[in-house]
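Coordinates from run22.tsv are shown below (TSV, C-alpha atoms and all ligand atoms).
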chain	number	residue	atom	x	y	z
A	1321	MET	CA	5.29	14.15	19.44
A	1322	ASN	CA	1.72	14.32	18.09
A	1323	SER	CA	0.31	17.32	16.35
A	1324	PRO	CA	-3.40	17.54	17.29
A	1325	HIS	CA	-4.17	19.21	13.94
A	1326	ALA	CA	-2.57	16.68	11.61
A	1327	PRO	CA	-5.33	13.99	11.77
A	1328	HIS	CA	-8.01	16.63	11.06
A	1329	ALA	CA	-5.99	18.00	8.14
A	1330	ALA	CA	-5.49	14.46	6.84
A	1331	ILE	CA	-9.22	13.68	7.02
A	1332	ALA	CA	-10.02	16.93	5.19
A	1333	LEU	CA	-7.44	16.13	2.49
A	1334	LEU	CA	-8.22	12.45	1.94
A	1335	ALA	CA	-11.81	11.63	2.89
A	1336	HIS	CA	-13.27	13.01	-0.34
A	1337	ARG	CA	-10.72	11.10	-2.42
A	1338	ILE	CA	-10.95	7.64	-0.84
A	1339	PRO	CA	-14.35	5.92	-1.08
A	1340	PHE	CA	-14.20	4.53	2.44
A	1341	VAL	CA	-17.61	3.22	3.27
A	1342	SER	CA	-19.18	4.49	6.44
A	1343	PRO	CA	-22.75	5.29	7.44
A	1344	ASN	CA	-21.98	8.91	8.31
A	1345	PRO	CA	-18.98	10.15	6.39
A	1346	ILE	CA	-17.44	13.59	6.95
A	1347	PRO	CA	-16.90	15.25	4.54
A	1348	SER	CA	-19.00	13.29	2.10
A	1349	PRO	CA	-16.88	10.85	0.05
A	1350	PRO	CA	-17.85	9.48	-3.37
A	1351	SER	CA	-20.90	7.25	-3.24
A	1352	GLN	CA	-20.65	3.46	-3.12
A	1353	GLU	CA	-21.47	3.32	-6.83
A	1354	SER	CA	-18.01	4.69	-7.53
A	1355	LEU	CA	-16.54	1.48	-6.14
A	1356	ASN	CA	-15.75	-0.85	-9.02
A	1357	PRO	CA	-17.67	-4.11	-8.40
A	1358	THR	CA	-14.69	-6.33	-9.16
A	1359	LEU	CA	-11.52	-4.30	-8.72
A	1360	PRO	CA	-11.05	-2.58	-5.36
A	1361	PHE	CA	-10.06	1.06	-5.05
A	1362	VAL	CA	-6.26	1.07	-4.69
A	1363	THR	CA	-4.18	3.78	-3.02
A	1364	VAL	CA	-0.39	3.66	-3.36
A	1365	THR	CA	1.58	5.52	-0.73
A	1366	TYR	CA	5.19	5.97	0.32
A	1367	ALA	CA	7.60	8.49	1.81
A	1368	GLN	CA	10.71	9.65	0.00
A	1369	SER	CA	13.65	11.97	0.52
A	1370	LEU	CA	14.08	15.14	-1.51
A	1371	ASP	CA	16.55	13.25	-3.74
A	1372	GLY	CA	14.04	10.44	-4.33
A	1373	PHE	CA	15.08	7.62	-2.01
A	1374	ILE	CA	12.64	5.47	-0.04
A	1375	ALA	CA	15.17	3.15	1.66
A	1376	LEU	CA	18.88	3.08	2.46
A	1377	PRO	CA	21.45	0.98	0.56
A	1378	ASP	CA	20.95	-2.79	1.07
A	1379	ARG	CA	17.23	-2.01	1.46
A	1380	ARG	CA	17.70	-0.91	5.06
A	1381	PRO	CA	14.67	1.03	6.39
A	1382	LEU	CA	14.78	4.81	6.15
A	1383	THR	CA	12.75	6.81	8.66
A	1384	ILE	CA	12.09	10.21	7.12
A	1385	SER	CA	8.46	11.20	7.80
A	1386	CYS	CA	7.87	13.86	10.44
A	1387	SER	CA	5.26	13.23	13.16
A	1388	GLU	CA	2.54	15.13	11.27
A	1389	SER	CA	2.90	13.25	7.97
A	1390	PHE	CA	3.24	10.01	9.94
A	1391	ALA	CA	-0.14	10.79	11.55
A	1392	MET	CA	-1.54	11.40	8.05
A	1393	THR	CA	-0.42	7.90	7.05
A	1394	HIS	CA	-2.16	6.40	10.10
A	1395	VAL	CA	-5.37	8.28	9.27
A	1396	MET	CA	-5.14	6.79	5.78
A	1397	ARG	CA	-4.86	3.31	7.29
A	1398	THR	CA	-8.19	3.86	9.06
A	1399	MET	CA	-9.78	4.68	5.68
A	1400	HIS	CA	-8.95	1.37	3.94
A	1401	ASP	CA	-10.27	-2.17	4.28
A	1402	ALA	CA	-6.83	-3.70	3.71
A	1403	ILE	CA	-3.16	-2.72	3.75
A	1404	LEU	CA	-0.75	-4.49	1.38
A	1405	VAL	CA	3.05	-4.81	1.40
A	1406	GLY	CA	5.58	-6.95	-0.43
A	1407	VAL	CA	7.45	-9.67	1.38
A	1408	GLY	CA	10.65	-7.57	1.10
A	1409	THR	CA	9.12	-4.99	3.42
A	1410	VAL	CA	8.03	-7.67	5.89
A	1411	LEU	CA	11.58	-9.04	5.93
A	1412	GLY	CA	13.30	-5.67	6.13
A	1413	ASP	CA	11.01	-3.64	8.39
A	1414	ASP	CA	8.84	-6.17	10.29
A	1415	PRO	CA	5.93	-3.69	10.12
A	1416	ARG	CA	2.85	-3.87	12.35
A	1417	LEU	CA	0.50	-2.32	9.75
A	1418	THR	CA	-2.01	-1.21	12.38
A	1419	SER	CA	-3.72	2.16	12.91
A	1420	ARG	CA	-1.95	3.52	15.96
A	1421	GLU	CA	-3.90	5.43	18.65
A	1422	ASP	CA	-0.65	6.76	20.15
A	1423	ILE	CA	0.25	8.35	16.79
A	1424	LEU	CA	-3.22	9.84	16.20
A	1425	GLY	CA	-3.71	11.15	19.75
A	1426	VAL	CA	-7.02	11.27	21.63
A	1427	GLU	CA	-8.50	14.03	19.45
A	1428	GLY	CA	-7.29	12.37	16.27
A	1429	VAL	CA	-8.86	9.03	17.21
A	1430	ALA	CA	-12.17	10.79	17.99
A	1431	ALA	CA	-12.04	12.65	14.63
A	1432	VAL	CA	-11.38	9.42	12.73
A	1433	LYS	CA	-14.30	7.66	14.44
A	1434	ARG	CA	-16.58	10.60	13.61
A	1435	ALA	CA	-15.43	10.48	9.98
A	1436	ARG	CA	-16.16	6.74	9.87
A	1437	GLY	CA	-19.56	7.29	11.49
A	1438	GLU	CA	-18.60	5.13	14.46
A	1439	PRO	CA	-19.49	5.76	18.11
A	1440	ASP	CA	-16.80	6.99	20.55
A	1441	GLY	CA	-16.72	3.60	22.30
A	1442	ALA	CA	-15.90	1.72	19.08
A	1443	GLY	CA	-12.38	0.35	18.66
A	1444	LEU	CA	-10.16	2.09	16.10
A	1445	HIS	CA	-10.44	0.53	12.63
A	1446	HIS	CA	-7.38	-1.42	11.47
A	1447	PRO	CA	-6.96	-2.47	7.83
A	1448	ARG	CA	-6.57	-6.20	7.19
A	1449	PRO	CA	-2.90	-7.01	6.45
A	1450	VAL	CA	-2.01	-8.52	3.06
A	1451	VAL	CA	1.47	-9.74	2.05
A	1452	VAL	CA	2.68	-10.52	-1.49
A	1453	ASP	CA	5.05	-13.52	-1.63
A	1454	SER	CA	5.48	-15.43	-4.93
A	1455	THR	CA	6.53	-18.76	-3.37
A	1456	LEU	CA	5.39	-18.51	0.30
A	1457	THR	CA	8.96	-19.38	1.29
A	1458	LYS	CA	10.05	-15.88	2.34
A	1459	PHE	CA	7.21	-14.77	4.64
A	1460	PRO	CA	8.80	-15.02	8.13
A	1461	TYR	CA	5.66	-16.32	9.85
A	1462	GLN	CA	7.56	-17.39	12.99
A	1463	THR	CA	8.78	-13.89	13.81
A	1464	SER	CA	6.57	-11.45	11.89
A	1465	ARG	CA	4.59	-9.01	13.99
A	1466	LEU	CA	1.81	-9.36	11.41
A	1467	MET	CA	0.94	-12.75	12.94
A	1468	GLY	CA	-0.38	-10.82	15.97
A	1469	HIS	CA	-2.38	-8.25	13.97
A	1470	PRO	CA	-5.64	-7.17	15.67
A	1471	ARG	CA	-7.68	-7.80	12.46
A	1472	GLY	CA	-6.50	-11.41	12.34
A	1473	LYS	CA	-3.83	-13.35	10.52
A	1474	PRO	CA	-2.57	-11.88	7.24
A	1475	ILE	CA	-3.76	-12.83	3.79
A	1476	VAL	CA	-0.82	-13.89	1.59
A	1477	LEU	CA	-1.08	-13.48	-2.20
A	1478	THR	CA	1.07	-15.98	-4.05
A	1479	THR	CA	1.64	-17.52	-7.51
A	1480	THR	CA	1.34	-21.04	-8.88
A	1481	ARG	CA	5.03	-21.42	-7.85
A	1482	TYR	CA	4.02	-21.64	-4.17
A	1483	SER	CA	5.48	-24.26	-1.82
A	1484	GLN	CA	2.76	-26.73	-0.80
A	1485	GLU	CA	4.58	-27.50	2.45
A	1486	ARG	CA	4.63	-23.84	3.42
A	1487	ARG	CA	1.00	-23.43	2.41
A	1488	THR	CA	-0.01	-26.24	4.75
A	1489	THR	CA	1.96	-24.71	7.62
A	1490	LEU	CA	0.63	-21.20	7.05
A	1491	GLU	CA	-2.98	-22.34	6.73
A	1492	SER	CA	-2.69	-24.40	9.92
A	1493	LEU	CA	-1.76	-21.14	11.66
A	1494	GLY	CA	-4.79	-19.30	10.27
A	1495	VAL	CA	-3.05	-17.45	7.41
A	1496	GLU	CA	-5.26	-17.14	4.31
A	1497	VAL	CA	-3.34	-18.13	1.18
A	1498	VAL	CA	-4.67	-16.84	-2.15
A	1499	VAL	CA	-3.15	-18.28	-5.33
A	1500	CYS	CA	-3.13	-15.62	-8.06
A	1501	ALA	CA	-2.28	-15.69	-11.74
A	1502	ASP	CA	1.42	-15.50	-12.58
A	1503	SER	CA	2.72	-12.27	-14.02
A	1504	ARG	CA	5.97	-11.42	-15.77
A	1505	ASP	CA	5.28	-7.69	-15.52
A	1506	GLY	CA	6.80	-7.42	-12.05
A	1507	ALA	CA	10.12	-5.86	-11.16
A	1508	ASP	CA	11.96	-9.19	-11.40
A	1509	GLY	CA	11.67	-9.55	-15.19
A	1510	ASP	CA	11.44	-13.17	-16.28
A	1511	THR	CA	10.53	-14.73	-12.92
A	1512	ALA	CA	6.80	-15.25	-12.47
A	1513	GLN	CA	5.49	-13.00	-9.74
A	1514	VAL	CA	2.06	-12.24	-8.36
A	1515	ASP	CA	-0.34	-10.73	-10.88
A	1516	LEU	CA	-1.43	-7.86	-8.68
A	1517	SER	CA	-4.61	-7.06	-10.62
A	1518	ASP	CA	-5.74	-10.69	-10.21
A	1519	GLY	CA	-4.80	-10.47	-6.52
A	1520	PHE	CA	-6.85	-7.30	-6.06
A	1521	CYS	CA	-9.89	-8.90	-7.76
A	1522	LYS	CA	-9.58	-11.97	-5.52
A	1523	LEU	CA	-9.31	-9.85	-2.37
A	1524	HIS	CA	-12.58	-8.23	-3.43
A	1525	ALA	CA	-14.32	-11.47	-4.39
A	1526	HIS	CA	-13.16	-13.67	-1.49
A	1527	PHE	CA	-12.94	-11.22	1.40
A	1528	GLY	CA	-15.18	-8.30	0.40
A	1529	ILE	CA	-12.20	-5.93	0.41
A	1530	ARG	CA	-13.25	-2.74	-1.36
A	1531	THR	CA	-10.31	-0.46	-0.65
A	1532	ILE	CA	-6.60	-1.33	-0.45
A	1533	MET	CA	-3.73	0.84	0.73
A	1534	VAL	CA	-0.42	-0.31	-0.79
A	1535	GLU	CA	2.34	0.84	1.52
A	1536	GLY	CA	5.47	-0.65	-0.02
A	1537	GLY	CA	8.03	-1.53	-0.69
A	1538	ALA	CA	9.95	-0.34	-3.67
A	1539	ARG	CA	9.35	-3.31	-6.00
A	1540	ILE	CA	5.61	-3.57	-5.33
A	1541	ILE	CA	5.11	0.16	-5.77
A	1542	GLY	CA	7.33	0.15	-8.86
A	1543	SER	CA	5.19	-2.63	-10.36
A	1544	LEU	CA	2.02	-0.65	-9.73
A	1545	LEU	CA	3.35	2.58	-11.20
A	1546	ARG	CA	4.18	0.91	-14.52
A	1547	ARG	CA	1.43	1.14	-17.11
A	1548	ARG	CA	0.08	-2.20	-18.29
A	1549	LYS	CA	-3.15	-3.81	-19.35
A	1550	SER	CA	-5.19	-5.93	-16.98
A	1551	SER	CA	-4.82	-9.69	-17.35
A	1552	THR	CA	-8.18	-10.25	-15.69
A	1553	ASP	CA	-10.19	-7.82	-17.80
A	1554	LYS	CA	-10.17	-8.35	-21.55
A	1555	SER	CA	-11.45	-4.79	-22.11
A	1556	GLU	CA	-7.89	-3.43	-22.11
A	1557	GLN	CA	-8.50	-1.70	-18.81
A	1558	LEU	CA	-5.33	-0.13	-17.46
A	1559	VAL	CA	-4.08	-1.62	-14.19
A	1560	ALA	CA	-3.17	1.29	-12.00
A	1561	PRO	CA	-3.83	2.61	-8.54
A	1562	GLN	CA	-6.61	5.17	-8.38
A	1563	LEU	CA	-4.83	7.35	-5.82
A	1564	VAL	CA	-1.15	8.11	-5.21
A	1565	VAL	CA	-0.10	9.75	-1.92
A	1566	VAL	CA	3.60	10.61	-1.63
A	1567	THR	CA	5.25	12.23	1.37
A	1568	VAL	CA	8.36	14.20	0.43
A	1569	ALA	CA	10.66	14.87	3.38
A	1570	PRO	CA	13.08	17.80	3.13
A	1571	THR	CA	16.17	15.70	3.56
A	1572	PHE	CA	18.91	14.33	1.28
A	1573	VAL	CA	19.98	10.71	1.54
A	1574	GLY	CA	22.56	10.44	-1.26
A	1575	ASN	CA	22.23	6.74	-2.01
A	1576	GLY	CA	19.75	3.93	-1.56
A	1577	VAL	CA	16.58	2.51	-3.10
A	1578	LYS	CA	14.41	4.52	-5.48
A	1579	VAL	CA	10.75	3.76	-5.93
A	1580	ILE	CA	11.07	3.20	-9.67
A	1581	GLU	CA	14.27	1.60	-10.84
A	1582	LEU	CA	14.35	1.23	-14.61
A	1583	THR	CA	16.44	-1.54	-16.08
A	1584	GLY	CA	17.71	-2.50	-19.54
A	1585	GLU	CA	16.54	-0.38	-22.44
A	1586	SER	CA	14.05	1.59	-20.35
A	1587	LYS	CA	16.97	2.87	-18.28
A	1588	VAL	CA	18.63	4.32	-21.37
A	1589	VAL	CA	15.44	5.84	-22.76
A	1590	GLY	CA	14.13	7.17	-19.42
A	1591	GLY	CA	11.25	9.67	-19.55
A	1592	SER	CA	7.77	9.07	-18.26
A	1593	GLU	CA	6.49	6.79	-21.03
A	1594	GLY	CA	5.50	3.43	-19.59
A	1595	LEU	CA	4.73	4.95	-16.20
A	1596	VAL	CA	1.38	6.11	-14.87
A	1597	GLN	CA	0.47	9.75	-15.43
A	1598	LEU	CA	-1.02	11.78	-12.60
A	1599	ALA	CA	-4.14	13.97	-12.57
A	1600	ASP	CA	-6.00	16.18	-10.04
A	1601	VAL	CA	-2.84	16.84	-8.07
A	1602	GLU	CA	-3.05	18.49	-4.64
A	1603	TYR	CA	-0.20	19.51	-2.33
A	1604	ARG	CA	-0.36	19.98	1.45
A	1605	GLN	CA	2.26	20.67	4.05
A	1606	PHE	CA	2.27	18.36	7.10
A	1607	GLY	CA	4.84	19.60	9.61
A	1608	ARG	CA	8.04	19.97	7.61
A	1609	ASP	CA	6.99	17.45	4.94
A	1610	MET	CA	5.12	18.03	1.68
A	1611	VAL	CA	2.36	15.56	0.82
A	1612	VAL	CA	1.41	15.12	-2.83
A	1613	VAL	CA	-2.02	13.57	-3.49
A	1614	ALA	CA	-2.99	12.66	-7.05
A	1615	GLY	CA	-5.35	10.59	-9.13
A	1616	VAL	CA	-4.14	8.56	-12.12
A	1617	LYS	CA	-5.03	9.18	-15.76
A	1618	MET	CA	-6.63	6.00	-17.04
A	1619	SER	CA	-6.16	6.56	-20.79
A	1701	LIG	N1	9.69	4.86	2.45
A	1701	LIG	C1	8.60	4.14	2.39
A	1701	LIG	O1	7.50	4.68	2.33
A	1701	LIG	C2	8.68	2.64	2.43
A	1701	LIG	C3	7.53	1.89	2.66
A	1701	LIG	C4	7.62	0.51	2.67
A	1701	LIG	C5	8.86	-0.11	2.46
A	1701	LIG	N2	9.95	0.68	2.24
A	1701	LIG	C6	11.26	0.07	2.02
A	1701	LIG	O2	11.22	-0.72	0.84
A	1701	LIG	C7	12.20	-1.74	0.96
A	1701	LIG	C8	11.56	-3.04	0.59
A	1701	LIG	O3	11.26	-2.97	-0.78
A	1701	LIG	P1	11.57	-4.21	-1.68
A	1701	LIG	O4	11.49	-3.74	-3.07
A	1701	LIG	O5	12.84	-4.83	-1.21
A	1701	LIG	O6	10.41	-5.23	-1.28
A	1701	LIG	P2	8.82	-5.20	-1.46
A	1701	LIG	O7	8.42	-4.31	-2.58
A	1701	LIG	O8	8.22	-5.01	-0.13
A	1701	LIG	O9	8.56	-6.72	-1.87
A	1701	LIG	C9	9.05	-7.11	-3.13
A	1701	LIG	C10	8.93	-8.60	-3.30
A	1701	LIG	O10	7.56	-8.98	-3.43
A	1701	LIG	C11	7.50	-10.11	-4.26
A	1701	LIG	N3	6.56	-9.88	-5.36
A	1701	LIG	C12	5.63	-10.79	-5.75
A	1701	LIG	N4	4.93	-10.33	-6.77
A	1701	LIG	C13	5.41	-9.09	-7.08
A	1701	LIG	C14	5.08	-8.13	-8.08
A	1701	LIG	N5	4.10	-8.32	-8.97
A	1701	LIG	N6	5.80	-6.99	-8.13
A	1701	LIG	C15	6.79	-6.76	-7.24
A	1701	LIG	N7	7.14	-7.62	-6.26
A	1701	LIG	C16	6.46	-8.81	-6.19
A	1701	LIG	C17	8.89	-10.32	-4.85
A	1701	LIG	O11	9.52	-11.39	-4.12
A	1701	LIG	P3	9.13	-12.90	-4.52
A	1701	LIG	O12	8.91	-12.92	-6.02
A	1701	LIG	O13	10.31	-13.69	-4.10
A	1701	LIG	O14	7.92	-13.19	-3.76
A	1701	LIG	C18	9.62	-9.04	-4.55
A	1701	LIG	O15	11.00	-9.21	-4.39
A	1701	LIG	C19	12.65	-1.76	2.42
A	1701	LIG	O16	13.94	-1.17	2.46
A	1701	LIG	C20	11.65	-0.88	3.12
A	1701	LIG	O17	12.23	-0.19	4.20
A	1701	LIG	C21	9.90	2.03	2.22

What does the file become when written as structure tokens?
Amino acid sequence: MNSPHAPHAAIALLAHRIPFVSPNPIPSPPSQESLNPTLPFVTVTYAQSLDGFIALPDRRPLTISCSESFAMTHVMRTMHDAILVGVGTVLGDDPRLTSREDILGVEGVAAVKRARGEPDGAGLHHPRPVVVDSTLTKFPYQTSRLMGHPRGKPIVLTTTRYSQERRTTLESLGVEVVVCADSRDGADGDTAQVDLSDGFCKLHAHFGIRTIMVEGGARIIGSLLRRRKSSTDKSEQLVAPQLVVVTVAPTFVGNGVKVIELTGESKVVGGSEGLVQLADVEYRQFGRDMVVVAGVKMS
């Protein structure tokens, strides 16, 4: 069931925090100058239970958002140029990653178009889908609903470990493959994974993507919430999302996947060192869920 108020509340909460570029923004967002010329603005978002789980055991999907916070997420999708998920989420959830009119409702769609400065007759904005897959061998291109996305075929960020055979197949189907620097900062320790900061820079440089919404899953979000220096910027710039939006649903799950899973020594030490620190925190209730919106301290 849609709540007609949720999209308006979401626009009021988020539009001044996400520099989505539109000719007639309401309310006024930061100016275009606030967009970094090389690194896009990155929002990380997920929904978790009250005891901190974002998926069930064996990485089975967990549906916990209420209709109002779900509508908030779909408003957020209309505010970003691209939406990014890890290949684990594609395999587990087969997401569509579109902005859904049926979730926003007629009034919500009209409000979003007004906020974007678009005429009533314009189609609803969908973010361009982006998948992170270190070898290109996991992305299930034959079955994935992303292959029918209204903004076109997905962009896949990969590493130098990619399979040439798969690359040829994917490109023949219209998928854009972007080879990124290898990183060993990811959740999988010693295995080279996609250097996400390099991937973000390439999305900006090659496709003009200025804003990215990272919607999962656990490993990708965990990688982004760890503090580390940029490999693409020698100025010691911290690689971190600029905005974190977390929906907390009032439900207990008991067991499953947490968004940050520390391993080795970090697990023993615990604490928040090594993880991003939040700033400018706001809280809003959407239906029965609590939504936490925060910036990230960059020092
Ligand atoms: N509650 C929510 O809001 C929400 C939202 C989305 C998803 N989920 C849940 O999250 C679960 C999926 O999470 P997941 O951790 O299995 O998969 P994921 O985060 O979607 O994808 C992780 C995979 O991406 C690849 N990868 C490449 N570079 C990476 C890097 N730098 N850092 C991290 N990963 C990198 C790795 O595989 P390769 O190295 O082999 O490429 C890795 O295993 C599902 O259960 C889904 O339902 C929950």

Please, which residues have at least one atom within 7 Å of an atom of ligand LIG 1701 (chain A), using only C-alpha atoms and all ligand atoms, listed as an mmCIF file with C-alpha atoms, in the coordinates of the input?
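And here's pocket_28.cif as it stands now:
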data_model
loop_
_atom_site.group_PDB
_atom_site.id
_atom_site.type_symbol
_atom_site.label_atom_id
_atom_site.label_comp_id
_atom_site.auth_asym_id
_atom_site.auth_seq_id
_atom_site.Cartn_x
_atom_site.Cartn_y
_atom_site.Cartn_z
ATOM 1 C CA THR A 1365 1.580 5.520 -0.730
ATOM 2 C CA TYR A 1366 5.190 5.970 0.320
ATOM 3 C CA ALA A 1367 7.600 8.490 1.810
ATOM 4 C CA GLN A 1368 10.710 9.650 0.000
ATOM 5 C CA ILE A 1374 12.640 5.470 -0.040
ATOM 6 C CA ALA A 1375 15.170 3.150 1.660
ATOM 7 C CA LEU A 1376 18.880 3.080 2.460
ATOM 8 C CA ARG A 1379 17.230 -2.010 1.460
ATOM 9 C CA ARG A 1380 17.700 -0.910 5.060
ATOM 10 C CA PRO A 1381 14.670 1.030 6.390
ATOM 11 C CA LEU A 1382 14.780 4.810 6.150
ATOM 12 C CA VAL A 1405 3.050 -4.810 1.400
ATOM 13 C CA GLY A 1406 5.580 -6.950 -0.430
ATOM 14 C CA VAL A 1407 7.450 -9.670 1.380
ATOM 15 C CA GLY A 1408 10.650 -7.570 1.100
ATOM 16 C CA THR A 1409 9.120 -4.990 3.420
ATOM 17 C CA VAL A 1410 8.030 -7.670 5.890
ATOM 18 C CA GLY A 1412 13.300 -5.670 6.130
ATOM 19 C CA ASP A 1413 11.010 -3.640 8.390
ATOM 20 C CA VAL A 1452 2.680 -10.520 -1.490
ATOM 21 C CA ASP A 1453 5.050 -13.520 -1.630
ATOM 22 C CA SER A 1454 5.480 -15.430 -4.930
ATOM 23 C CA THR A 1455 6.530 -18.760 -3.370
ATOM 24 C CA LYS A 1458 10.050 -15.880 2.340
ATOM 25 C CA SER A 1503 2.720 -12.270 -14.020
ATOM 26 C CA ASP A 1505 5.280 -7.690 -15.520
ATOM 27 C CA GLY A 1506 6.800 -7.420 -12.050
ATOM 28 C CA ALA A 1507 10.120 -5.860 -11.160
ATOM 29 C CA GLN A 1513 5.490 -13.000 -9.740
ATOM 30 C CA VAL A 1514 2.060 -12.240 -8.360
ATOM 31 C CA ASP A 1515 -0.340 -10.730 -10.880
ATOM 32 C CA LEU A 1516 -1.430 -7.860 -8.680
ATOM 33 C CA GLU A 1535 2.340 0.840 1.520
ATOM 34 C CA GLY A 1536 5.470 -0.650 -0.020
ATOM 35 C CA GLY A 1537 8.030 -1.530 -0.690
ATOM 36 C CA ALA A 1538 9.950 -0.340 -3.670
ATOM 37 C CA ARG A 1539 9.350 -3.310 -6.000
ATOM 38 C CA ILE A 1540 5.610 -3.570 -5.330
ATOM 39 C CA ILE A 1541 5.110 0.160 -5.770
ATOM 40 C CA SER A 1543 5.190 -2.630 -10.360
#

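The residue set within 8 Å of Pro1377 (chain A), counting only C-alpha atoms and dropping same-chain residues fewer than 6 places from it, reads Asn1575, Gly1576 and Val1577 of chain A.
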
Would you save the residues of that selection, restricted to C-alpha atoms, as an mmCIF file, in the frame of the given file?
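This went into selection_23.cif:
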data_model
loop_
_atom_site.group_PDB
_atom_site.id
_atom_site.type_symbol
_atom_site.label_atom_id
_atom_site.label_comp_id
_atom_site.auth_asym_id
_atom_site.auth_seq_id
_atom_site.Cartn_x
_atom_site.Cartn_y
_atom_site.Cartn_z
ATOM 1 C CA ASN A 1575 22.230 6.740 -2.010
ATOM 2 C CA GLY A 1576 19.750 3.930 -1.560
ATOM 3 C CA VAL A 1577 16.580 2.510 -3.100
#

Looking at all atoms listed in the file, which of A:Val1612, A:Ala1330, A:Ala1569, A:Ile1580 is the one that sits closest to Arg1397 (chain A)?
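Counting all atoms listed in the file, the residue closest to Arg1397 (chain A) is A:Ala1330.
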
Quick one: residues within 10 Å of region 1466-1483 of chain A, only C-alpha atoms counted, chain neighbours fewer than 3 positions away excluded, as a PyMOL selection string?
chain A and resi 1402-1407+1410+1414-1419+1445-1457+1459-1463+1486-1488+1490-1491+1493-1503+1512-1516+1518-1520+1522-1523+1527

If I take CA of Thr1511 (chain A) and CA of Thr1531 (chain A), how far is one from the other in Å, to one decimal?
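Rounded to one decimal, the two atoms are 28.1 Å apart.
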
With distances taken over only C-alpha atoms, which residue among A:Pro1570, A:Gly1590, A:Gly1607, A:Pro1324 lies nearest Glu1388 (chain A)?
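Closest to Glu1388 (chain A), using only C-alpha atoms: A:Gly1607.
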
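Between CA of Val1579 (chain A) and CA of His1325 (chain A) there is a distance of 29.3 Å.
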
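Interatomic distance, CA of Phe1340 (chain A) against CA of Thr1383 (chain A): 27.8 Å.
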